[in-house]
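Engineer: This one is input15.tsv, TSV, C-alpha atoms and all ligand atoms.
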chain	number	residue	atom	x	y	z
A	113	MET	CA	39.95	9.19	-29.07
A	114	GLY	CA	42.83	9.02	-31.45
A	115	GLY	CA	42.49	12.70	-32.04
A	116	LEU	CA	40.95	12.13	-35.43
A	117	THR	CA	38.93	15.29	-35.52
A	118	ALA	CA	38.53	17.81	-38.26
A	119	ALA	CA	41.10	19.93	-36.47
A	120	SER	CA	43.82	17.32	-36.59
A	121	ALA	CA	42.83	16.17	-40.03
A	122	LEU	CA	43.60	19.60	-41.37
A	123	LYS	CA	46.82	19.71	-43.24
A	124	PRO	CA	48.51	22.95	-42.34
A	125	ALA	CA	49.72	25.08	-45.23
A	126	GLY	CA	53.12	25.60	-43.66
A	127	ASP	CA	54.95	22.86	-41.83
A	128	GLY	CA	54.66	24.29	-38.32
A	129	GLY	CA	50.97	23.74	-38.05
A	130	ASN	CA	50.80	24.64	-34.41
A	131	SER	CA	47.87	26.91	-34.98
A	132	VAL	CA	45.99	24.03	-36.54
A	133	ARG	CA	46.94	21.21	-34.24
A	134	MET	CA	44.56	22.38	-31.61
A	135	LYS	CA	43.53	20.65	-28.47
A	136	VAL	CA	41.21	17.87	-29.46
A	137	ASP	CA	39.72	17.04	-26.10
A	138	PHE	CA	36.31	18.44	-25.58
A	139	ASP	CA	35.75	20.03	-22.22
A	140	ALA	CA	32.31	20.63	-20.87
A	141	ASP	CA	32.22	24.19	-22.09
A	142	ALA	CA	33.16	23.23	-25.61
A	143	VAL	CA	30.44	20.62	-25.63
A	144	SER	CA	27.75	23.13	-24.83
A	145	ARG	CA	29.15	25.75	-27.18
A	146	PRO	CA	30.56	24.38	-30.40
A	147	ALA	CA	33.10	26.47	-32.24
A	148	SER	CA	31.58	28.53	-34.94
A	149	THR	CA	32.31	28.11	-38.59
A	150	SER	CA	31.61	30.40	-41.50
A	151	LEU	CA	29.29	27.81	-42.91
A	152	ARG	CA	27.30	27.44	-39.73
A	153	ARG	CA	26.73	31.17	-39.45
A	154	ALA	CA	25.49	31.34	-43.00
A	155	LEU	CA	23.25	28.34	-42.53
A	156	GLY	CA	21.75	29.97	-39.48
A	157	VAL	CA	20.07	32.20	-42.04
A	158	LEU	CA	19.70	29.76	-44.93
A	159	GLY	CA	19.45	26.57	-42.94
A	160	ASP	CA	16.24	25.10	-44.14
A	161	PRO	CA	15.58	23.21	-47.34
A	162	TRP	CA	12.53	25.28	-48.17
A	163	THR	CA	14.39	28.53	-47.69
A	164	MET	CA	16.93	27.61	-50.33
A	165	LEU	CA	14.17	26.59	-52.73
A	166	ILE	CA	12.35	29.86	-52.14
A	167	LEU	CA	15.53	31.82	-52.82
A	168	LYS	CA	16.14	29.81	-55.96
A	169	ASP	CA	12.69	30.76	-57.18
A	170	ALA	CA	13.24	34.39	-56.23
A	171	PHE	CA	16.39	34.30	-58.35
A	172	ASN	CA	14.35	33.01	-61.25
A	173	GLY	CA	12.08	36.00	-60.96
A	174	THR	CA	9.22	34.74	-58.76
A	175	ARG	CA	7.83	37.56	-56.60
A	176	ARG	CA	4.29	36.69	-55.56
A	177	PHE	CA	3.13	34.47	-52.74
A	178	GLY	CA	0.84	32.45	-55.00
A	179	ASP	CA	3.56	31.87	-57.55
A	180	PHE	CA	6.01	30.62	-54.94
A	181	GLN	CA	3.35	28.33	-53.64
A	182	ARG	CA	2.48	26.92	-57.04
A	183	ASN	CA	6.06	26.52	-58.21
A	184	LEU	CA	7.30	24.82	-55.08
A	185	ASN	CA	4.14	23.04	-54.01
A	186	ILE	CA	4.84	24.25	-50.50
A	187	PRO	CA	2.26	24.39	-47.68
A	188	LYS	CA	0.87	27.92	-47.26
A	189	GLN	CA	1.78	28.28	-43.64
A	190	THR	CA	5.32	27.05	-44.22
A	191	LEU	CA	5.72	29.50	-47.06
A	192	SER	CA	4.44	32.42	-45.07
A	193	LEU	CA	6.77	31.62	-42.15
A	194	ARG	CA	9.77	31.31	-44.44
A	195	LEU	CA	8.99	34.52	-46.31
A	196	ALA	CA	8.61	36.37	-43.01
A	197	SER	CA	11.92	35.00	-41.81
A	198	LEU	CA	13.66	35.95	-45.06
A	199	CYS	CA	12.31	39.50	-44.72
A	200	GLU	CA	13.53	39.61	-41.14
A	201	HIS	CA	17.00	38.54	-42.28
A	202	GLU	CA	16.90	41.22	-44.97
A	203	MET	CA	17.10	38.69	-47.76
A	204	LEU	CA	13.78	39.81	-49.22
A	205	TYR	CA	11.72	42.95	-48.79
A	206	ARG	CA	8.02	43.50	-49.24
A	207	SER	CA	7.04	45.78	-52.05
A	208	TYR	CA	3.41	46.89	-52.05
A	209	VAL	CA	2.53	47.43	-55.66
A	210	ASN	CA	-1.18	47.95	-55.34
A	211	ALA	CA	-2.29	48.95	-51.89
A	212	ASN	CA	-5.98	48.57	-52.69
A	213	ALA	CA	-5.70	45.09	-54.05
A	214	GLY	CA	-3.21	44.22	-51.32
A	215	THR	CA	-0.65	42.97	-53.83
A	216	VAL	CA	2.69	42.27	-52.23
A	217	LEU	CA	5.86	41.39	-54.05
A	218	TYR	CA	8.77	39.69	-52.32
A	219	VAL	CA	11.87	41.25	-53.81
A	220	PRO	CA	15.40	39.94	-53.26
A	221	THR	CA	17.95	42.29	-51.69
A	222	ALA	CA	21.66	42.73	-52.39
A	223	LYS	CA	22.35	40.21	-49.65
A	224	THR	CA	20.40	37.63	-51.62
A	225	PHE	CA	21.94	38.53	-54.97
A	226	ASP	CA	25.34	38.11	-53.33
A	227	LEU	CA	24.51	34.40	-53.09
A	228	ARG	CA	24.61	34.03	-56.84
A	229	ASP	CA	27.68	31.79	-56.89
A	230	ALA	CA	25.80	29.35	-54.68
A	231	MET	CA	22.84	29.52	-57.03
A	232	TYR	CA	25.07	28.87	-60.03
A	233	SER	CA	26.41	25.82	-58.17
A	234	VAL	CA	22.92	24.45	-57.69
A	235	TRP	CA	22.15	25.02	-61.35
A	236	LEU	CA	25.42	23.45	-62.50
A	237	TRP	CA	24.84	20.48	-60.24
A	238	HIS	CA	21.38	19.86	-61.63
A	239	ARG	CA	22.62	20.23	-65.16
A	240	ALA	CA	25.35	17.66	-64.53
A	241	ASN	CA	23.01	15.35	-62.56
A	242	PRO	CA	19.59	15.57	-64.16
A	243	GLY	CA	16.80	14.16	-62.02
A	244	PRO	CA	13.56	12.45	-63.03
A	245	VAL	CA	11.78	15.79	-63.15
A	246	GLU	CA	12.87	18.76	-65.20
A	247	ALA	CA	14.29	21.00	-62.52
A	248	LEU	CA	15.76	23.64	-64.77
A	249	PRO	CA	13.19	25.62	-66.69
A	250	PHE	CA	15.88	28.01	-67.86
A	251	ASP	CA	19.45	28.07	-69.06
A	252	LEU	CA	22.31	30.17	-67.84
A	253	VAL	CA	24.32	31.57	-70.70
A	254	HIS	CA	27.74	33.14	-70.44
A	255	VAL	CA	27.42	36.38	-72.34
A	256	ALA	CA	31.13	36.66	-73.25
A	257	CYS	CA	31.09	33.49	-75.36
A	258	GLY	CA	27.38	32.92	-75.86
A	259	GLN	CA	27.58	29.32	-74.60
A	260	VAL	CA	25.34	27.65	-72.07
A	261	LEU	CA	27.25	27.93	-68.85
A	262	LYS	CA	29.72	25.24	-67.96
A	263	ALA	CA	32.09	26.45	-65.33
A	264	THR	CA	34.74	25.50	-62.79
A	265	TYR	CA	35.18	27.08	-59.39
A	266	CYS	CA	38.62	28.69	-59.38
A	267	CYS	CA	40.89	30.76	-57.18
A	268	THR	CA	40.93	34.38	-58.31
A	269	ALA	CA	44.56	34.76	-57.19
A	270	CYS	CA	46.15	31.94	-59.20
A	271	ASP	CA	43.28	30.99	-61.58
A	272	GLY	CA	43.63	27.33	-60.54
A	273	PRO	CA	40.63	25.13	-59.70
A	274	VAL	CA	39.57	24.80	-56.08
A	275	THR	CA	39.00	21.31	-54.69
A	276	PRO	CA	38.83	19.92	-51.17
A	277	GLY	CA	42.29	18.48	-51.78
A	278	ASN	CA	44.06	21.70	-52.65
A	279	MET	CA	42.98	23.99	-49.88
A	280	THR	CA	43.03	24.13	-46.11
A	281	ILE	CA	40.67	25.54	-43.56
A	282	GLN	CA	42.11	27.04	-40.40
A	283	ARG	CA	40.16	28.30	-37.47
A	284	THR	CA	41.09	31.79	-36.46
A	285	GLN	CA	42.49	32.44	-33.00
A	286	PRO	CA	41.06	32.91	-30.50
A	287	GLU	CA	38.51	30.36	-31.52
A	288	GLN	CA	35.05	31.82	-31.86
A	289	VAL	CA	31.86	30.41	-30.50
A	290	ASP	CA	28.44	31.71	-31.28
A	291	PRO	CA	26.66	33.49	-28.45
A	292	GLU	CA	23.49	31.54	-29.05
A	293	PRO	CA	23.32	27.77	-28.88
A	294	ARG	CA	22.82	26.06	-32.21
A	295	PRO	CA	19.17	25.79	-33.14
A	296	ARG	CA	17.54	22.57	-32.09
A	297	LEU	CA	17.54	20.03	-34.83
A	298	SER	CA	14.14	18.60	-34.50
A	299	ARG	CA	12.12	16.00	-36.23
A	300	ARG	CA	10.33	18.80	-38.05
A	301	ASN	CA	13.58	19.61	-39.73
A	302	ASP	CA	13.89	16.02	-40.92
A	303	GLN	CA	10.44	16.21	-42.38
A	304	ALA	CA	11.28	19.42	-44.17
A	305	VAL	CA	14.21	17.72	-45.86
A	306	THR	CA	12.06	14.83	-46.97
A	307	ALA	CA	9.18	17.02	-48.08
A	308	ALA	CA	11.38	19.38	-50.02
A	309	SER	CA	13.32	16.65	-51.74
A	310	THR	CA	10.42	14.43	-52.69
A	311	GLU	CA	7.66	16.93	-53.43
A	312	SER	CA	9.78	18.80	-55.87
A	313	SER	CA	11.84	15.83	-56.85
A	314	GLY	CA	14.94	16.67	-58.73
A	315	MET	CA	15.60	19.45	-56.27
A	316	ILE	CA	18.04	17.33	-54.36
A	317	ALA	CA	20.93	19.76	-54.41
A	318	ALA	CA	18.84	22.72	-53.40
A	319	SER	CA	17.10	20.93	-50.58
A	320	LEU	CA	20.21	19.18	-49.34
A	321	VAL	CA	22.10	22.38	-49.26
A	322	GLY	CA	19.40	23.91	-47.19
A	323	ASP	CA	19.96	21.24	-44.58
A	324	ILE	CA	22.35	22.34	-41.90
A	325	VAL	CA	23.51	18.87	-40.94
A	326	CYS	CA	24.19	17.62	-44.47
A	327	ASN	CA	26.22	20.70	-45.21
A	328	GLU	CA	28.24	20.50	-42.06
A	329	ILE	CA	28.94	16.82	-42.64
A	330	LEU	CA	30.25	17.46	-46.13
A	331	TYR	CA	32.24	20.46	-44.95
A	332	ARG	CA	33.90	18.34	-42.28
A	333	LEU	CA	34.46	15.24	-44.38
A	334	ALA	CA	36.03	17.30	-47.13
A	335	GLN	CA	38.78	18.00	-44.61
A	336	GLY	CA	39.42	14.30	-44.03
A	337	PRO	CA	37.67	11.06	-43.02
A	338	LEU	CA	36.09	10.95	-39.57
A	339	HIS	CA	34.67	8.41	-37.14
A	340	LEU	CA	31.00	8.69	-36.33
A	341	LEU	CA	31.76	9.60	-32.75
A	342	ALA	CA	34.26	12.28	-33.69
A	343	LEU	CA	31.83	13.72	-36.19
A	344	SER	CA	29.11	13.76	-33.59
A	345	ARG	CA	31.30	15.56	-31.09
A	346	ASP	CA	32.77	17.92	-33.57
A	347	LEU	CA	29.43	19.02	-34.97
A	348	GLN	CA	27.59	18.75	-31.66
A	349	ILE	CA	24.91	16.68	-33.27
A	350	GLY	CA	23.31	13.64	-31.70
A	351	GLN	CA	24.11	10.33	-33.32
A	352	PRO	CA	20.53	9.52	-34.44
A	353	VAL	CA	20.20	12.73	-36.45
A	354	LEU	CA	23.72	12.33	-37.75
A	355	ARG	CA	23.06	8.73	-38.80
A	356	ASN	CA	19.92	9.76	-40.62
A	357	ARG	CA	21.78	12.38	-42.68
A	358	LEU	CA	24.76	10.13	-43.30
A	359	ASN	CA	22.39	7.52	-44.70
A	360	MET	CA	20.85	10.09	-47.01
A	361	LEU	CA	24.26	11.21	-48.18
A	362	ARG	CA	25.27	7.60	-48.72
A	363	GLU	CA	22.18	6.88	-50.78
A	364	LEU	CA	23.00	9.89	-52.91
A	365	GLY	CA	26.48	8.52	-53.50
A	366	LEU	CA	28.18	11.40	-51.74
A	367	VAL	CA	29.56	9.67	-48.67
A	368	GLU	CA	30.97	6.22	-47.99
A	369	GLU	CA	31.15	4.27	-44.76
A	370	SER	CA	33.92	1.85	-43.87
A	371	LYS	CA	33.99	-0.30	-40.79
A	372	SER	CA	36.86	-1.52	-38.77
A	373	GLY	CA	35.71	-3.47	-35.76
A	374	ARG	CA	32.96	-1.47	-34.12
A	375	ARG	CA	34.10	1.80	-35.56
A	376	SER	CA	32.53	3.41	-38.57
A	377	THR	CA	34.58	5.85	-40.54
A	378	PHE	CA	33.05	8.13	-43.12
A	379	HIS	CA	34.69	9.47	-46.24
A	380	MET	CA	33.49	11.95	-48.75
A	381	LEU	CA	33.22	10.49	-52.24
A	382	LYS	CA	34.45	12.11	-55.42
A	383	ARG	CA	30.93	12.92	-56.53
A	384	ALA	CA	30.46	15.16	-53.50
A	385	GLU	CA	33.29	17.37	-54.71
A	386	ASP	CA	30.74	18.89	-57.05
A	387	PHE	CA	29.10	20.30	-53.94
A	388	TRP	CA	32.30	21.92	-52.79
A	389	PRO	CA	31.88	25.22	-54.67
A	390	LEU	CA	28.37	25.45	-53.26
A	391	ILE	CA	29.52	24.98	-49.70
A	392	LEU	CA	32.47	27.32	-50.16
A	393	SER	CA	30.34	30.05	-51.69
A	394	ILE	CA	27.90	29.80	-48.83
A	395	ALA	CA	30.72	29.95	-46.27
A	396	ALA	CA	32.20	33.00	-48.01
A	397	TRP	CA	28.79	34.61	-48.10
A	398	GLY	CA	28.53	33.95	-44.36
A	399	ASP	CA	31.81	35.80	-43.86
A	400	ARG	CA	30.47	38.77	-45.76
A	401	TRP	CA	27.04	39.00	-44.17
A	402	CYS	CA	26.74	37.04	-40.95
A	403	ASN	CA	29.63	38.02	-38.69
A	404	ARG	CA	28.20	41.23	-37.29
A	405	GLY	CA	31.50	43.01	-37.49
A	406	ASN	CA	33.54	40.17	-35.99
A	407	PRO	CA	36.40	38.55	-37.86
A	408	PRO	CA	35.47	35.35	-39.66
A	409	PRO	CA	35.60	32.17	-37.55
A	410	GLU	CA	38.03	30.58	-39.96
A	411	VAL	CA	40.20	31.27	-42.95
A	412	ARG	CA	40.33	29.21	-46.11
A	413	ILE	CA	43.67	29.07	-47.89
A	414	HIS	CA	44.27	27.88	-51.42
A	415	ALA	CA	47.28	25.76	-52.41
A	416	CYS	CA	48.85	28.85	-53.97
A	417	GLY	CA	49.18	30.30	-50.48
A	418	ASN	CA	46.56	33.00	-50.86
A	419	LEU	CA	43.42	33.45	-48.85
A	420	LEU	CA	40.81	31.78	-50.95
A	421	SER	CA	38.60	34.00	-52.98
A	422	GLY	CA	36.80	31.68	-55.34
A	423	ARG	CA	34.66	32.35	-58.37
A	424	TYR	CA	33.34	30.44	-61.33
A	425	ARG	CA	35.31	30.51	-64.51
A	426	CYS	CA	33.74	29.63	-67.86
A	427	ASP	CA	35.01	26.34	-69.30
A	428	HIS	CA	34.42	27.58	-72.84
A	429	CYS	CA	36.19	30.94	-72.82
A	430	ASN	CA	37.98	30.98	-69.44
A	431	GLY	CA	36.29	34.26	-68.51
A	432	TRP	CA	35.10	34.89	-64.95
A	433	VAL	CA	31.43	34.42	-64.27
A	434	ASP	CA	29.46	37.04	-62.38
A	435	GLY	CA	26.02	38.58	-62.26
A	436	ARG	CA	26.65	40.86	-65.21
A	437	SER	CA	28.13	38.21	-67.46
A	438	VAL	CA	25.39	35.64	-67.07
A	439	ARG	CA	22.14	35.76	-68.92
A	440	VAL	CA	19.11	33.77	-67.82
A	441	VAL	CA	17.38	32.34	-70.86
A	442	PRO	CA	14.24	30.19	-70.97
A	443	HIS	CA	14.85	26.74	-72.37
A	444	GLY	CA	14.93	26.60	-76.12
A	445	ARG	CA	15.39	30.31	-76.66
A	446	ASP	CA	18.41	31.71	-78.39
A	447	ALA	CA	20.92	33.20	-76.00
A	448	ASN	CA	21.30	36.40	-77.95
A	449	GLU	CA	17.70	37.23	-78.64
A	450	GLY	CA	15.21	39.28	-76.66
A	451	PRO	CA	15.53	41.29	-73.49
A	452	ASN	CA	17.38	39.86	-70.56
A	453	GLN	CA	14.59	40.04	-68.04
A	454	ALA	CA	16.07	38.02	-65.27
A	455	GLY	CA	19.46	39.60	-65.80
A	456	GLU	CA	17.94	43.04	-65.39
A	457	ARG	CA	16.28	41.96	-62.23
A	458	GLN	CA	19.64	40.89	-60.92
A	459	ASP	CA	20.85	44.43	-61.32
A	460	GLU	CA	18.21	45.62	-58.87
A	461	GLY	CA	20.39	44.26	-56.14
A	501	ZN	ZN	45.13	30.00	-55.68
A	502	ZN	ZN	32.33	31.82	-71.58
Go ahead and express the file in the form of structure tokens.

Structural biologist:
Amino acid sequence: MGGLTAASALKPAGDGGNSVRMKVDFDADAVSRPASTSLRRALGVLGDPWTMLILKDAFNGTRRFGDFQRNLNIPKQTLSLRLASLCEHEMLYRSYVNANAGTVLYVPTAKTFDLRDAMYSVWLWHRANPGPVEALPFDLVHVACGQVLKATYCCTACDGPVTPGNMTIQRTQPEQVDPEPRPRLSRRNDQAVTAASTESSGMIAASLVGDIVCNEILYRLAQGPLHLLALSRDLQIGQPVLRNRLNMLRELGLVEESKSGRRSTFHMLKRAEDFWPLILSIAAWGDRWCNRGNPPPEVRIHACGNLLSGRYRCDHCNGWVDGRSVRVVPHGRDANEGPNQAGERQDEG
């Protein structure tokens, strides 16, 4: 191998770069235990297209089993497994409102509300790339300026925008591996991607982002182009599964393949940069909630030299966007009228 791995493709912030130019050979141990990343830890919890869709609905105020089922057109058994898993991961809790009638509400926790930047990303993506089906039954309005939200993901240290090109990702030393092997990526997972993206068409961003492989591919390719083989080794994913996801990403216009001889190299396309805030917010969320007291597996550094702490900034008024400054408004309703139901719910967390 020419050493074209994500590790060597990283451009170190300083010029030394020794910490980044890691060994690129993969010994047997590394093969069985891939290095952890912030994103992978987070996706261990979120890593399923349905899960992300369920959380999106929970954000919108859905609380009852039947409502989730109707809104998402999701098989009952799948829904009940996902809800149980989300409760286990403390993303939702069960609230028994009427013991006699057996009414259960699934209520998001602080851990879930802390994902709001990722949810804004999904919303912003769908607004910028409308699908055949109306996927956004509500608007997000920035309270400070009263405009429907249009925002850019920016560094809170220097206020500048954050793009794959102006930041670096460095693994922390010693390199961390996860104690458990990565979950098996089975055919069932493939079907979940397909089901979630076709049955609620227009939900491409939400279902893609719930897919571990697609996320990891974009996360890696944002750090530089990679050969199929290097990608497969680096992510510890078999080539058939990898091919399948790369094809999906290509069809969506997010990734491009170029061939030289027998080798295929993959690049991330400009359009995929819109996913970057989503992936970064999920990785940052993973650092906050999924490390069990360990240091994060990697650090992300902005071009200004600071550790990246990104947030959305309103394009209209330049104000920062957070849970308290965003109002959820049904389509066609004036931003300033009526109670802010969904906003109040957000404060529960
Ligand atoms: Zn900065
Ligand atoms: Zn604003």

Engineer: Which residues of chain A come within 12 Å of ligand ZN 501 (chain A), and what is each one's closest atom pair and distance in Å (one decimal), counting all atoms listed in the file, sorted by chain and residue number, as a Markdown table?

Structural biologist:
| residue | atom | partner | partner_atom | distance |
| --- | --- | --- | --- | --- |
| A:Tyr265 | CA | A:ZN501 | ZN | 11.0 |
| A:Cys266 | CA | A:ZN501 | ZN | 7.6 |
| A:Cys267 | CA | A:ZN501 | ZN | 4.6 |
| A:Thr268 | CA | A:ZN501 | ZN | 6.6 |
| A:Ala269 | CA | A:ZN501 | ZN | 5.0 |
| A:Cys270 | CA | A:ZN501 | ZN | 4.1 |
| A:Asp271 | CA | A:ZN501 | ZN | 6.3 |
| A:Gly272 | CA | A:ZN501 | ZN | 5.7 |
| A:Pro273 | CA | A:ZN501 | ZN | 7.8 |
| A:Val274 | CA | A:ZN501 | ZN | 7.6 |
| A:Thr275 | CA | A:ZN501 | ZN | 10.7 |
| A:Asn278 | CA | A:ZN501 | ZN | 8.9 |
| A:Met279 | CA | A:ZN501 | ZN | 8.6 |
| A:Thr280 | CA | A:ZN501 | ZN | 11.4 |
| A:Arg412 | CA | A:ZN501 | ZN | 10.7 |
| A:Ile413 | CA | A:ZN501 | ZN | 8.0 |
| A:His414 | CA | A:ZN501 | ZN | 4.8 |
| A:Ala415 | CA | A:ZN501 | ZN | 5.8 |
| A:Cys416 | CA | A:ZN501 | ZN | 4.3 |
| A:Gly417 | CA | A:ZN501 | ZN | 6.6 |
| A:Asn418 | CA | A:ZN501 | ZN | 5.9 |
| A:Leu419 | CA | A:ZN501 | ZN | 7.8 |
| A:Leu420 | CA | A:ZN501 | ZN | 6.6 |
| A:Ser421 | CA | A:ZN501 | ZN | 8.1 |
| A:Gly422 | CA | A:ZN501 | ZN | 8.5 |
| A:Arg423 | CA | A:ZN501 | ZN | 11.1 |

Engineer: Rank nothing, just name the residue among A:Thr264, A:Asn406, A:Thr163, A:Asn185 nearest to ligand ZN 502 (chain A), using all atoms listed in the file.

Structural biologist: A:Thr264

Engineer: Restricting the calculation to only C-alpha atoms: of A:Glu369, A:Glu363, A:Glu200, A:Asp323, which residue gets closest to Trp162 of chain A?

Structural biologist: A:Asp323

Engineer: Could you give me, as an mmCIF file with C-alpha atoms, in the coordinates of the input, every polymer residue with an atom at most 10 Å away from an atom of ligand ZN 502 (chain A), counting only C-alpha atoms and all ligand atoms?

Structural biologist:
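File out.cif, as written:
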data_model
loop_
_atom_site.group_PDB
_atom_site.id
_atom_site.type_symbol
_atom_site.label_atom_id
_atom_site.label_comp_id
_atom_site.auth_asym_id
_atom_site.auth_seq_id
_atom_site.Cartn_x
_atom_site.Cartn_y
_atom_site.Cartn_z
ATOM 1 C CA VAL A 253 24.320 31.570 -70.700
ATOM 2 C CA HIS A 254 27.740 33.140 -70.440
ATOM 3 C CA VAL A 255 27.420 36.380 -72.340
ATOM 4 C CA ALA A 256 31.130 36.660 -73.250
ATOM 5 C CA CYS A 257 31.090 33.490 -75.360
ATOM 6 C CA GLY A 258 27.380 32.920 -75.860
ATOM 7 C CA GLN A 259 27.580 29.320 -74.600
ATOM 8 C CA VAL A 260 25.340 27.650 -72.070
ATOM 9 C CA LEU A 261 27.250 27.930 -68.850
ATOM 10 C CA LYS A 262 29.720 25.240 -67.960
ATOM 11 C CA ALA A 263 32.090 26.450 -65.330
ATOM 12 C CA ARG A 425 35.310 30.510 -64.510
ATOM 13 C CA CYS A 426 33.740 29.630 -67.860
ATOM 14 C CA ASP A 427 35.010 26.340 -69.300
ATOM 15 C CA HIS A 428 34.420 27.580 -72.840
ATOM 16 C CA CYS A 429 36.190 30.940 -72.820
ATOM 17 C CA ASN A 430 37.980 30.980 -69.440
ATOM 18 C CA GLY A 431 36.290 34.260 -68.510
ATOM 19 C CA TRP A 432 35.100 34.890 -64.950
ATOM 20 C CA VAL A 433 31.430 34.420 -64.270
ATOM 21 C CA SER A 437 28.130 38.210 -67.460
ATOM 22 C CA VAL A 438 25.390 35.640 -67.070
#

Engineer: Give the answer as one residue: which of A:Pro409, A:Gly373, A:Pro276, A:Pro352 has the shortest atom-to-atom distance to Val289 of chain A, using only C-alpha atoms?

Structural biologist: A:Pro409

Engineer: Got a sec: who's within 12 Å of segment 208-222 of chain A, counting all atoms listed in the file, leaving out chain neighbours fewer than 6 positions off, as a VMD selection string?

Structural biologist: chain A and resid 166 to 180 191 to 192 194 to 202 228 397 400 to 401 435 457 to 461

Engineer: Between A:Val367, A:Val411, A:Asp290, A:Pro242, which is the closest to Ala396 of chain A once you count only C-alpha atoms?

Structural biologist: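 Using only C-alpha atoms, the shortest distance to Ala396 of chain A belongs to A:Val411.
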
Engineer: Taking every listed atom of segment 411-423 of chain A and adding 3 Å to each side, what centre and edge lengths in Å (one decimal) does the axis-aligned box have, as lines of an AutoDock Vina configuration file?

Structural biologist:
center_x = 41.9
center_y = 29.9
center_z = -50.7
size_x = 20.5
size_y = 14.2
size_z = 21.4

Engineer: Atom CA of Asn183 of chain A and atom CA of Pro389 of chain A are how many Å apart?

Structural biologist: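 Atom-to-atom, atom CA of Asn183 of chain A and atom CA of Pro389 of chain A are spaced 26.1 Å apart.
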
Engineer: Report the distance between atom CA of Leu158 of chain A and atom CA of Glu368 of chain A in Å, rounded to one decimal place.

Structural biologist: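 Between these atoms lies a distance of 26.3 Å.
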
Engineer: Which distance in Å separates atom CA of Gly277 of chain A and atom CA of Ser233 of chain A, to one decimal?

Structural biologist: 18.6 Å

Engineer: Counting all atoms listed in the file, which of A:Tyr424, A:Val157, A:Ala342, A:Gln189 gets nearest to Met203 of chain A?

Structural biologist: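 The closest residue to Met203 of chain A is A:Val157.
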
Engineer: Can you pull out every residue within 10 Å of Leu361 of chain A, counting only C-alpha atoms, but drop anything in the same chain fewer than 4 positions away, and send it as a list in words?

Structural biologist: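 The neighbour list is Leu320, Cys326, Ile329, Leu330, Arg355, Asn356, Arg357, Gly365, Leu366, Val367, Glu368, Met380, Leu381 and Ala384 of chain A.
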